[in-house]
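Source file: input-v1.cif (mmCIF, C-alpha atoms)
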data_my_file
#
loop_
_atom_site.label_atom_id
_atom_site.label_comp_id
_atom_site.auth_asym_id
_atom_site.auth_seq_id
_atom_site.Cartn_x
_atom_site.Cartn_y
_atom_site.Cartn_z
CA MET A 20 105.40 111.72 141.61
CA ILE A 21 106.81 110.63 138.28
CA GLU A 22 107.87 114.20 137.58
CA GLU A 23 109.76 114.17 140.89
CA ARG A 24 111.28 110.83 140.01
CA LEU A 25 112.52 112.27 136.70
CA ALA A 26 114.12 115.15 138.60
CA GLU A 27 115.72 112.74 141.10
CA LEU A 28 117.18 110.76 138.22
CA GLY A 29 118.36 113.93 136.52
CA ILE A 30 116.42 112.97 133.40
CA GLU A 31 115.03 115.77 131.29
CA LEU A 32 112.61 114.56 128.65
CA PRO A 33 113.36 115.60 125.06
CA PRO A 34 110.80 117.80 123.27
CA ALA A 35 107.59 115.97 122.42
CA PRO A 36 107.75 114.83 118.80
CA ALA A 37 105.66 116.96 116.48
CA PRO A 38 102.51 115.46 115.00
CA VAL A 39 103.37 114.22 111.53
CA ALA A 40 100.80 114.17 108.76
CA ALA A 41 97.77 112.01 109.34
CA TYR A 42 98.91 110.20 112.41
CA VAL A 43 99.31 111.50 115.93
CA PRO A 44 102.00 110.87 118.55
CA VAL A 45 99.56 109.42 121.09
CA ARG A 46 96.06 107.98 120.81
CA LEU A 47 93.89 107.24 123.83
CA GLY A 48 91.07 104.71 123.99
CA ALA A 49 89.72 101.77 126.01
CA GLY A 50 91.87 102.70 128.99
CA LEU A 51 95.02 102.52 126.91
CA ALA A 52 97.45 104.96 125.36
CA PHE A 53 99.10 103.94 122.13
CA VAL A 54 102.32 105.85 121.46
CA ALA A 55 103.49 106.03 117.85
CA GLY A 56 106.80 104.51 116.84
CA GLN A 57 109.65 106.82 117.84
CA ILE A 58 112.94 107.13 115.99
CA PRO A 59 115.79 108.79 117.91
CA ASP A 60 116.11 112.51 117.25
CA GLY A 61 114.38 112.26 113.87
CA GLY A 62 116.70 109.43 112.88
CA LYS A 63 119.80 111.60 113.30
CA LEU A 64 121.14 109.84 116.41
CA HIS A 65 123.41 106.97 115.29
CA PRO A 66 121.82 106.33 111.89
CA GLY A 67 122.49 103.03 110.14
CA HIS A 68 122.32 99.33 110.92
CA LEU A 69 123.33 97.41 113.97
CA GLY A 70 125.96 94.91 113.01
CA ALA A 71 127.36 97.42 110.51
CA GLU A 72 128.00 101.11 111.30
CA VAL A 73 126.14 101.20 114.62
CA THR A 74 127.46 99.53 117.80
CA VAL A 75 125.30 97.81 120.40
CA GLU A 76 126.12 100.58 122.87
CA GLN A 77 125.01 103.24 120.38
CA GLY A 78 121.86 101.29 119.61
CA ARG A 79 121.05 100.98 123.28
CA GLU A 80 121.49 104.74 123.71
CA ALA A 81 119.23 105.37 120.73
CA ALA A 82 116.55 103.05 122.16
CA ARG A 83 116.74 104.93 125.46
CA VAL A 84 116.20 108.25 123.66
CA CYS A 85 113.21 106.74 121.79
CA ALA A 86 111.65 105.70 125.10
CA LEU A 87 112.15 109.17 126.56
CA GLN A 88 110.58 110.73 123.47
CA ALA A 89 107.62 108.39 123.91
CA LEU A 90 107.24 109.57 127.51
CA SER A 91 107.47 113.16 126.36
CA ALA A 92 104.65 112.51 123.91
CA LEU A 93 102.64 110.79 126.64
CA ARG A 94 103.15 113.72 128.99
CA ALA A 95 102.00 116.15 126.30
CA ALA A 96 98.89 114.05 125.62
CA LEU A 97 97.95 113.35 129.25
CA GLY A 98 99.04 116.58 130.93
CA SER A 99 101.07 114.58 133.45
CA LEU A 100 102.90 111.27 133.52
CA ASP A 101 101.20 110.62 136.87
CA ARG A 102 98.19 109.50 134.84
CA VAL A 103 100.21 106.54 133.55
CA ARG A 104 99.21 103.42 135.48
CA GLY A 105 101.79 101.29 133.81
CA ILE A 106 103.73 100.51 130.66
CA LEU A 107 102.18 97.37 129.20
CA LYS A 108 103.99 96.60 125.96
CA VAL A 109 107.07 97.86 124.16
CA ASP A 110 107.82 97.04 120.53
CA VAL A 111 111.40 97.53 119.46
CA PHE A 112 112.42 97.37 115.81
CA VAL A 113 116.17 97.29 115.28
CA ALA A 114 117.68 97.99 111.84
CA SER A 115 119.87 94.92 111.53
CA ALA A 116 122.66 93.94 109.16
CA PRO A 117 122.88 90.25 108.22
CA GLY A 118 124.00 88.19 111.19
CA PHE A 119 123.16 90.72 113.91
CA THR A 120 121.14 88.96 116.60
CA GLU A 121 121.60 91.11 119.72
CA GLN A 122 118.28 92.96 119.38
CA PRO A 123 117.49 92.35 123.09
CA GLN A 124 120.63 94.18 124.24
CA VAL A 125 119.64 97.16 122.11
CA ALA A 126 116.04 97.08 123.32
CA ASN A 127 117.23 97.09 126.95
CA GLY A 128 118.09 100.75 126.42
CA ALA A 129 114.36 101.45 126.27
CA SER A 130 113.29 98.90 128.87
CA ASP A 131 115.83 99.91 131.48
CA VAL A 132 114.94 103.59 131.48
CA LEU A 133 111.21 102.84 131.70
CA VAL A 134 111.75 100.72 134.81
CA GLU A 135 114.18 103.29 136.21
CA ILE A 136 111.46 105.92 135.97
CA PHE A 137 108.27 103.99 136.76
CA GLY A 138 109.59 101.18 138.95
CA GLU A 139 107.37 98.10 138.98
CA ALA A 140 104.69 99.93 136.97
CA GLY A 141 107.23 100.31 134.20
CA GLN A 142 107.77 96.57 133.80
CA HIS A 143 106.40 95.58 130.41
CA ALA A 144 106.07 92.80 127.91
CA ARG A 145 108.30 93.34 124.89
CA ALA A 146 108.95 92.22 121.37
CA ALA A 147 112.33 93.00 119.80
CA VAL A 148 113.01 92.12 116.18
CA GLY A 149 115.60 92.94 113.53
CA VAL A 150 114.20 94.74 110.50
CA ALA A 151 115.65 95.60 107.11
CA GLU A 152 115.24 99.39 107.12
CA LEU A 153 113.69 102.12 109.25
CA PRO A 154 112.33 105.58 108.44
CA LEU A 155 114.98 108.19 107.65
CA GLY A 156 117.71 105.62 108.16
CA ALA A 157 117.14 105.37 111.90
CA CYS A 158 118.85 102.52 113.75
CA VAL A 159 115.91 101.77 116.02
CA GLU A 160 112.19 102.48 116.36
CA VAL A 161 110.27 102.06 119.61
CA ALA A 162 106.49 102.01 120.02
CA LEU A 163 104.69 101.51 123.30
CA THR A 164 101.31 100.84 124.86
CA ALA A 165 100.48 102.13 128.33
CA GLU A 166 97.55 101.84 130.70
CA VAL A 167 96.20 105.22 131.73
CA ALA A 168 93.91 106.47 134.50
CA MET B 25 88.72 73.28 131.60
CA ILE B 26 91.66 74.42 129.51
CA GLU B 27 93.96 72.33 131.67
CA GLU B 28 91.75 69.31 130.93
CA ARG B 29 91.78 70.18 127.26
CA LEU B 30 95.59 70.25 127.30
CA ALA B 31 95.61 66.81 128.90
CA GLU B 32 93.11 65.49 126.34
CA LEU B 33 95.33 66.78 123.54
CA GLY B 34 98.39 65.30 125.21
CA ILE B 35 100.04 68.71 125.20
CA GLU B 36 102.44 69.48 128.02
CA LEU B 37 103.40 73.12 128.14
CA PRO B 38 107.13 73.88 128.12
CA PRO B 39 108.62 75.63 131.17
CA ALA B 40 107.56 79.26 131.48
CA PRO B 41 110.32 81.45 130.04
CA ALA B 42 112.40 83.17 132.69
CA PRO B 43 112.03 86.91 133.12
CA VAL B 44 114.86 88.58 131.19
CA ALA B 45 116.34 91.87 132.33
CA ALA B 46 113.96 94.79 132.47
CA TYR B 47 111.01 93.27 130.73
CA VAL B 48 108.61 90.62 131.95
CA PRO B 49 107.05 87.63 130.19
CA VAL B 50 103.47 88.84 130.76
CA ARG B 51 101.99 92.21 131.62
CA LEU B 52 98.36 92.64 132.66
CA GLY B 53 96.28 95.80 132.28
CA ALA B 54 92.98 97.16 130.96
CA GLY B 55 91.51 93.65 130.79
CA LEU B 56 94.32 92.46 128.57
CA ALA B 57 97.40 90.32 128.92
CA PHE B 58 100.37 91.19 126.75
CA VAL B 59 102.76 88.28 126.33
CA ALA B 60 106.33 89.13 125.36
CA GLY B 61 107.77 87.90 122.09
CA GLN B 62 108.76 84.25 122.39
CA ILE B 63 111.59 82.60 120.50
CA PRO B 64 111.55 78.79 120.37
CA ASP B 65 113.62 77.16 123.09
CA GLY B 66 115.84 80.23 123.52
CA GLY B 67 116.42 80.33 119.77
CA LYS B 68 117.97 76.84 119.75
CA LEU B 69 115.08 75.13 117.90
CA HIS B 70 115.75 75.34 114.16
CA PRO B 71 117.88 78.50 114.17
CA GLY B 72 118.37 80.40 110.93
CA HIS B 73 116.24 81.83 108.16
CA LEU B 74 113.24 80.46 106.38
CA GLY B 75 114.03 80.15 102.71
CA ALA B 76 117.60 79.24 103.61
CA GLU B 77 118.54 76.66 106.29
CA VAL B 78 115.07 76.33 107.85
CA THR B 79 112.18 74.57 106.12
CA VAL B 80 108.55 75.64 106.31
CA GLU B 81 107.76 72.53 108.35
CA GLN B 82 110.51 73.37 110.83
CA GLY B 83 109.35 76.97 111.02
CA ARG B 84 105.82 75.86 111.69
CA GLU B 85 107.02 73.59 114.49
CA ALA B 86 109.03 76.45 115.95
CA ALA B 87 106.01 78.78 115.84
CA ARG B 88 103.95 76.13 117.63
CA VAL B 89 106.55 75.89 120.39
CA CYS B 90 106.56 79.70 120.72
CA ALA B 91 102.78 79.69 121.18
CA LEU B 92 103.02 76.99 123.84
CA GLN B 93 105.72 78.97 125.64
CA ALA B 94 103.44 82.00 125.54
CA LEU B 95 100.67 79.94 127.15
CA SER B 96 103.08 78.68 129.75
CA ALA B 97 103.98 82.28 130.57
CA LEU B 98 100.28 83.19 130.71
CA ARG B 99 99.54 80.29 133.06
CA ALA B 100 102.38 81.36 135.34
CA ALA B 101 101.09 84.94 135.39
CA LEU B 102 97.39 84.15 135.82
CA GLY B 103 97.54 81.02 137.96
CA SER B 104 95.33 79.21 135.47
CA LEU B 105 94.64 79.35 131.76
CA ASP B 106 90.93 79.25 132.62
CA ARG B 107 91.22 82.97 133.25
CA VAL B 108 91.91 83.51 129.53
CA ARG B 109 88.73 84.72 127.85
CA GLY B 110 90.25 84.62 124.42
CA ILE B 111 93.32 85.14 122.30
CA LEU B 112 92.86 88.46 120.52
CA LYS B 113 95.98 89.10 118.46
CA VAL B 114 99.05 87.14 117.46
CA ASP B 115 102.13 88.77 115.93
CA VAL B 116 104.47 86.44 114.11
CA PHE B 117 107.90 87.58 112.96
CA VAL B 118 109.61 85.13 110.63
CA ALA B 119 113.35 85.41 109.90
CA SER B 120 113.21 85.37 106.11
CA ALA B 121 115.84 84.96 103.42
CA PRO B 122 115.32 86.97 100.22
CA GLY B 123 112.38 85.63 98.25
CA PHE B 124 110.72 83.73 101.09
CA THR B 125 107.05 84.68 101.18
CA GLU B 126 105.34 81.81 103.01
CA GLN B 127 105.18 83.55 106.39
CA PRO B 128 101.49 82.57 106.82
CA GLN B 129 102.27 78.86 106.59
CA VAL B 130 104.89 79.26 109.29
CA ALA B 131 102.57 81.34 111.47
CA ASN B 132 99.88 78.66 111.23
CA GLY B 133 102.01 76.59 113.58
CA ALA B 134 101.11 79.08 116.31
CA SER B 135 97.55 79.76 115.21
CA ASP B 136 96.55 76.13 114.84
CA VAL B 137 97.63 75.09 118.31
CA LEU B 138 95.88 78.06 119.92
CA VAL B 139 92.59 77.10 118.27
CA GLU B 140 93.19 73.43 119.07
CA ILE B 141 93.45 74.32 122.74
CA PHE B 142 90.96 77.17 123.15
CA GLY B 143 88.49 76.42 120.38
CA GLU B 144 86.51 79.46 119.22
CA ALA B 145 88.00 81.57 122.02
CA GLY B 146 91.39 80.91 120.50
CA GLN B 147 90.53 82.45 117.14
CA HIS B 148 92.59 85.58 116.76
CA ALA B 149 93.58 88.35 114.42
CA ARG B 150 97.13 87.97 113.20
CA ALA B 151 99.98 89.75 111.50
CA ALA B 152 102.78 87.69 109.96
CA VAL B 153 105.80 89.39 108.43
CA GLY B 154 109.27 88.43 107.27
CA VAL B 155 112.07 90.13 109.17
CA ALA B 156 115.80 90.36 108.62
CA GLU B 157 117.10 88.89 111.88
CA LEU B 158 115.76 87.73 115.23
CA PRO B 159 117.30 87.53 118.71
CA LEU B 160 119.87 84.76 119.17
CA GLY B 161 119.40 83.70 115.55
CA ALA B 162 115.88 82.36 116.14
CA CYS B 163 113.82 81.51 113.06
CA VAL B 164 110.58 82.88 114.46
CA GLU B 165 109.26 85.13 117.24
CA VAL B 166 105.66 85.11 118.41
CA ALA B 167 103.99 87.71 120.65
CA LEU B 168 100.35 87.63 121.68
CA THR B 169 97.60 89.65 123.29
CA ALA B 170 94.81 87.93 125.23
CA GLU B 171 91.66 89.05 126.98
CA VAL B 172 91.58 87.97 130.62
CA ALA B 173 88.89 87.72 133.28
CA MET C 8 77.05 108.27 109.34
CA ILE C 9 80.32 106.63 108.30
CA GLU C 10 78.45 104.81 105.54
CA GLU C 11 77.20 108.20 104.31
CA ARG C 12 80.69 109.61 104.54
CA LEU C 13 81.99 106.76 102.38
CA ALA C 14 79.31 107.54 99.79
CA GLU C 15 80.19 111.26 99.92
CA LEU C 16 83.82 110.43 99.31
CA GLY C 17 82.90 108.04 96.52
CA ILE C 18 84.76 105.26 98.29
CA GLU C 19 83.47 101.74 97.84
CA LEU C 20 85.06 99.27 100.22
CA PRO C 21 86.65 96.20 98.65
CA PRO C 22 85.20 92.78 99.53
CA ALA C 23 85.95 91.72 103.10
CA PRO C 24 88.96 89.41 103.09
CA ALA C 25 88.04 85.77 103.55
CA PRO C 26 88.92 84.09 106.83
CA VAL C 27 92.16 82.21 106.28
CA ALA C 28 92.95 79.05 108.17
CA ALA C 29 93.11 79.37 111.94
CA TYR C 30 93.03 83.11 112.23
CA VAL C 31 90.16 85.48 111.66
CA PRO C 32 90.01 88.90 109.96
CA VAL C 33 88.75 90.68 113.09
CA ARG C 34 88.76 89.79 116.78
CA LEU C 35 86.79 91.73 119.35
CA GLY C 36 87.58 91.97 123.07
CA ALA C 37 88.10 94.44 125.93
CA GLY C 38 86.42 97.22 123.96
CA LEU C 39 88.85 96.80 121.11
CA ALA C 40 88.80 95.36 117.62
CA PHE C 41 92.00 93.85 116.32
CA VAL C 42 92.10 93.66 112.53
CA ALA C 43 94.48 91.12 111.02
CA GLY C 44 97.33 92.27 108.80
CA GLN C 45 96.03 93.07 105.32
CA ILE C 46 98.02 92.68 102.12
CA PRO C 47 96.66 94.54 99.08
CA ASP C 48 94.43 92.42 96.86
CA GLY C 49 95.97 89.16 98.08
CA GLY C 50 99.44 90.57 97.36
CA LYS C 51 98.67 91.05 93.69
CA LEU C 52 98.61 94.87 93.76
CA HIS C 53 102.16 96.14 93.10
CA PRO C 54 104.07 93.11 94.39
CA GLY C 55 107.74 93.50 95.27
CA HIS C 56 109.94 95.76 97.33
CA LEU C 57 109.92 99.49 97.78
CA GLY C 58 113.23 100.87 96.64
CA ALA C 59 113.33 98.23 93.90
CA GLU C 60 110.37 97.40 91.61
CA VAL C 61 107.71 99.32 93.56
CA THR C 62 107.55 103.13 93.62
CA VAL C 63 106.54 105.19 96.64
CA GLU C 64 103.36 106.21 94.85
CA GLN C 65 102.47 102.55 94.19
CA GLY C 66 103.27 101.65 97.79
CA ARG C 67 101.07 104.44 99.05
CA GLU C 68 98.21 103.21 96.86
CA ALA C 69 98.72 99.67 98.14
CA ALA C 70 98.66 100.88 101.76
CA ARG C 71 95.41 102.73 101.06
CA VAL C 72 93.84 99.56 99.68
CA CYS C 73 95.00 97.62 102.75
CA ALA C 74 93.30 100.18 105.01
CA LEU C 75 90.07 99.91 103.02
CA GLN C 76 90.20 96.12 103.24
CA ALA C 77 90.64 96.45 107.00
CA LEU C 78 87.53 98.64 107.17
CA SER C 79 85.64 96.14 105.05
CA ALA C 80 86.60 93.42 107.50
CA LEU C 81 85.56 95.64 110.41
CA ARG C 82 82.20 96.35 108.80
CA ALA C 83 81.62 92.65 108.27
CA ALA C 84 82.48 91.91 111.90
CA LEU C 85 80.54 94.79 113.48
CA GLY C 86 77.56 95.06 111.14
CA SER C 87 78.26 98.76 110.67
CA LEU C 88 81.27 101.04 110.76
CA ASP C 89 79.23 103.38 112.94
CA ARG C 90 80.18 101.13 115.86
CA VAL C 91 83.81 102.22 115.43
CA ARG C 92 84.62 104.85 118.07
CA GLY C 93 88.05 105.47 116.70
CA ILE C 94 91.13 104.03 115.07
CA LEU C 95 93.76 103.72 117.79
CA LYS C 96 96.85 102.16 116.23
CA VAL C 97 98.02 101.30 112.74
CA ASP C 98 101.00 99.06 112.07
CA VAL C 99 102.50 99.32 108.62
CA PHE C 100 105.11 96.85 107.40
CA VAL C 101 106.77 97.88 104.15
CA ALA C 102 108.79 95.37 102.10
CA SER C 103 111.98 97.37 101.69
CA ALA C 104 115.05 96.97 99.51
CA PRO C 105 118.38 98.01 101.05
CA GLY C 106 118.55 101.77 101.45
CA PHE C 107 114.81 102.46 101.25
CA THR C 108 113.83 104.67 104.17
CA GLU C 109 110.60 106.35 103.07
CA GLN C 110 108.29 103.98 104.97
CA PRO C 111 106.29 106.93 106.39
CA GLN C 112 105.35 108.18 102.92
CA VAL C 113 104.08 104.73 102.03
CA ALA C 114 102.20 104.39 105.31
CA ASN C 115 100.47 107.73 104.71
CA GLY C 116 98.39 105.96 102.08
CA ALA C 117 96.68 104.10 104.93
CA SER C 118 96.66 106.95 107.44
CA ASP C 119 95.26 109.55 105.06
CA VAL C 120 92.26 107.51 104.00
CA LEU C 121 91.40 106.62 107.60
CA VAL C 122 91.31 110.29 108.56
CA GLU C 123 89.44 111.16 105.36
CA ILE C 124 86.71 108.71 106.36
CA PHE C 125 86.57 109.03 110.15
CA GLY C 126 87.82 112.58 110.67
CA GLU C 127 89.29 113.20 114.12
CA ALA C 128 88.19 109.74 115.28
CA GLY C 129 90.42 108.31 112.56
CA GLN C 130 93.59 109.90 113.92
CA HIS C 131 95.81 107.13 115.19
CA ALA C 132 99.21 106.29 116.56
CA ARG C 133 101.33 104.46 114.03
CA ALA C 134 104.44 102.38 113.59
CA ALA C 135 105.96 102.05 110.12
CA VAL C 136 108.96 99.81 109.54
CA GLY C 137 110.78 98.27 106.60
CA VAL C 138 110.76 94.49 106.56
CA ALA C 139 112.61 91.91 104.48
CA GLU C 140 109.69 90.02 102.94
CA LEU C 141 105.91 89.87 103.17
CA PRO C 142 103.36 87.11 102.53
CA LEU C 143 102.82 86.28 98.85
CA GLY C 144 105.35 88.91 97.84
CA ALA C 145 103.15 91.82 98.91
CA CYS C 146 104.76 95.25 99.07
CA VAL C 147 102.97 96.32 102.23
CA GLU C 148 100.98 94.85 105.12
CA VAL C 149 98.72 96.94 107.36
CA ALA C 150 97.20 95.84 110.69
CA LEU C 151 95.03 98.04 112.87
CA THR C 152 93.46 98.32 116.30
CA ALA C 153 90.19 100.19 116.78
CA GLU C 154 88.01 101.13 119.73
CA VAL C 155 84.45 99.88 119.34
CA ALA C 156 81.15 100.63 121.01
#
Structure rendered as structure tokens:
Amino acid sequence: MIEERLAELGIELPPAPAPVAAYVPVRLGAGLAFVAGQIPDGGKLHPGHLGAEVTVEQGREAARVCALQALSALRAALGSLDRVRGILKVDVFVASAPGFTEQPQVANGASDVLVEIFGEAGQHARAAVGVAELPLGACVEVALTAEVA
Amino acid sequence: MIEERLAELGIELPPAPAPVAAYVPVRLGAGLAFVAGQIPDGGKLHPGHLGAEVTVEQGREAARVCALQALSALRAALGSLDRVRGILKVDVFVASAPGFTEQPQVANGASDVLVEIFGEAGQHARAAVGVAELPLGACVEVALTAEVA
Amino acid sequence: MIEERLAELGIELPPAPAPVAAYVPVRLGAGLAFVAGQIPDGGKLHPGHLGAEVTVEQGREAARVCALQALSALRAALGSLDRVRGILKVDVFVASAPGFTEQPQVANGASDVLVEIFGEAGQHARAAVGVAELPLGACVEVALTAEVA
């Protein structure tokens, strides 16, 4: 059903991120799936800091791509996104220049697409904070926790 | 019983935070409740950075208010705080000016009130870190994970 | 078995961190163990910021020590590390000077030792971000979530 919903929405998931070193993209346990922090397109999509070289609209787009990468990783780990019962928590870290306080608007890029795809099951708790620096100069990093069947 | 304990302590919970956009204040799943990151009074209580315009005492008060807001959100989601088996994890993000390293003292504002209210069941693991910026210029953001019946 | 593996590897866990104030080193619930954020040797090992006074190699060593402290806390809470079914999620916060974007290399210090000790069960999802400041001037803070029997 979720695969059909993706098709309806015209959303094609990006390639699942490759396992990097000692950590894995998705870890299952205790009825949960923990998805590793995603940076958009290896950090290459809109690199930099919000409030400096990256606009809110670009940050929102980057957060959306991170969320889709997370789903791609989930699909690879579970076989099908239909095994996802719900998205429980989303953590959004926004690389922020001094004085930038619109982290929620950036994080909505991730939240909105999750609800678009999963409907009510995609509604999640969220923390969005502004950090100093992110891996490879990325503007945003998104990690998520899902409940799985 | 927790409601009686709140009355004994003379603590009145603040209004439950309104759902914002695509995310929700509390998400339940896998026996857990994830409470979204709370900023104190919409960021209006002691805005700014610790180590600059906000004192440790003010930060601690703000963290306490965040924890109470989180409980208010939990009560709204669960019907009653008596369904909370325990507070498992608290994440405290402190807006920190260069050189400010007393994040634990600030975070104690949240931790102390949780233990005051829940007793042993309120004892939790915690991470406290100093971030660059927080939504709406808040000085602190507190997210928590609880076990629920 | 994990105790034997530690002996094989010649790894001696550091003393379990003392409970501090209102929070506890480890909290169990819902089949999970949440381990509080660890700073290396009370912040005294390689204090400062990556990209300034702390090298990547020093940061990696500090992250490794944090992971070992977390295991020490887990052992103290569970009686034995053999009750750990797996490490699910590791959160690594790296104190980062402007322009430092090698948080993953630092975080590998924690990830590598967890896999060294637990093998496949030690493979985890991870988030690594660069923060402004950490408690007591520590260069890195590591929190983890495990599945327990």
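Taking CA of Glu148 in chain C as the reference point, CA of Lys51 in chain C is found at 12.3 Å.
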Can you translate the PyMOL selection byres ((chain B and resi 102) around 12) into the concrete residues it hits in this file, as a list in words?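 Applying the PyMOL selection byres ((chain B and resi 102) around 12) to the structure shown produces Pro49, Val50, Arg51, Leu52, Leu56, Ala57, Phe58, Val59, Leu95, Ser96, Ala97, Leu98, Arg99, Ala100, Ala101, Gly103, Ser104, Leu105, Asp106, Arg107, Val108, Arg109, Ala170, Glu171, Val172 and Ala173 of chain B.
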Show me, as number ranges by chain, the residues of chain B whose atoms get within 9 Å of chain C, using only C-alpha atoms for the distance check. B: 54-56, 109-114, 119-128, 132, 135-139, 146-156, 170-172
Could you write out as lines of an AutoDock Vina configuration file the box around range 99-105 of chain B (axis-aligned, all atoms listed in the file, 3 Å on each side), with centre and edge lengths in Å to one decimal?
center_x = 98.5
center_y = 82.1
center_z = 134.9
size_x = 13.7
size_y = 11.7
size_z = 12.2
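Ranking B:Leu30, B:Met25, B:Ala91, B:Ala86 by their shortest atom-to-atom distance to Pro71 in chain B, with all atoms listed in the file included, puts B:Ala86 first.
For Ala131 in chain B, the non-local neighbours within 8 Å, defined as residues at least 5 positions apart in the same chain or in other chains and counting all atoms listed in the file, are B:Arg84, B:Ala87, B:Val116, B:Ala152.
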Between CA of Arg88 in chain B and CA of Gly49 in chain C, what is the distance, to one decimal in Å? 24.8 Å
Tell me, as a ChimeraX atom specification, which residues lie within 8 Å of Glu68 in chain C, counting only C-alpha atoms; anything in the same chain fewer than 4 positions away does not count. /C:64,72,113,116
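Closest approach to His73 in chain B from the set B:Cys163, B:Ile35, B:Ile26, B:Ala40 is made by B:Cys163, with distances taken over all atoms listed in the file.
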Just checking: using only C-alpha atoms, which residue out of C:Pro47, C:Arg12, C:Gln76, C:Gly58 ends up closest to Gly126 in chain C?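 Ranking C:Pro47, C:Arg12, C:Gln76, C:Gly58 by distance to Gly126 in chain C, first place goes to C:Arg12.
Atom pair CA of Ala128 in chain C / CA of Cys85 in chain A has a distance of 26.0 Å (rounded to one decimal).
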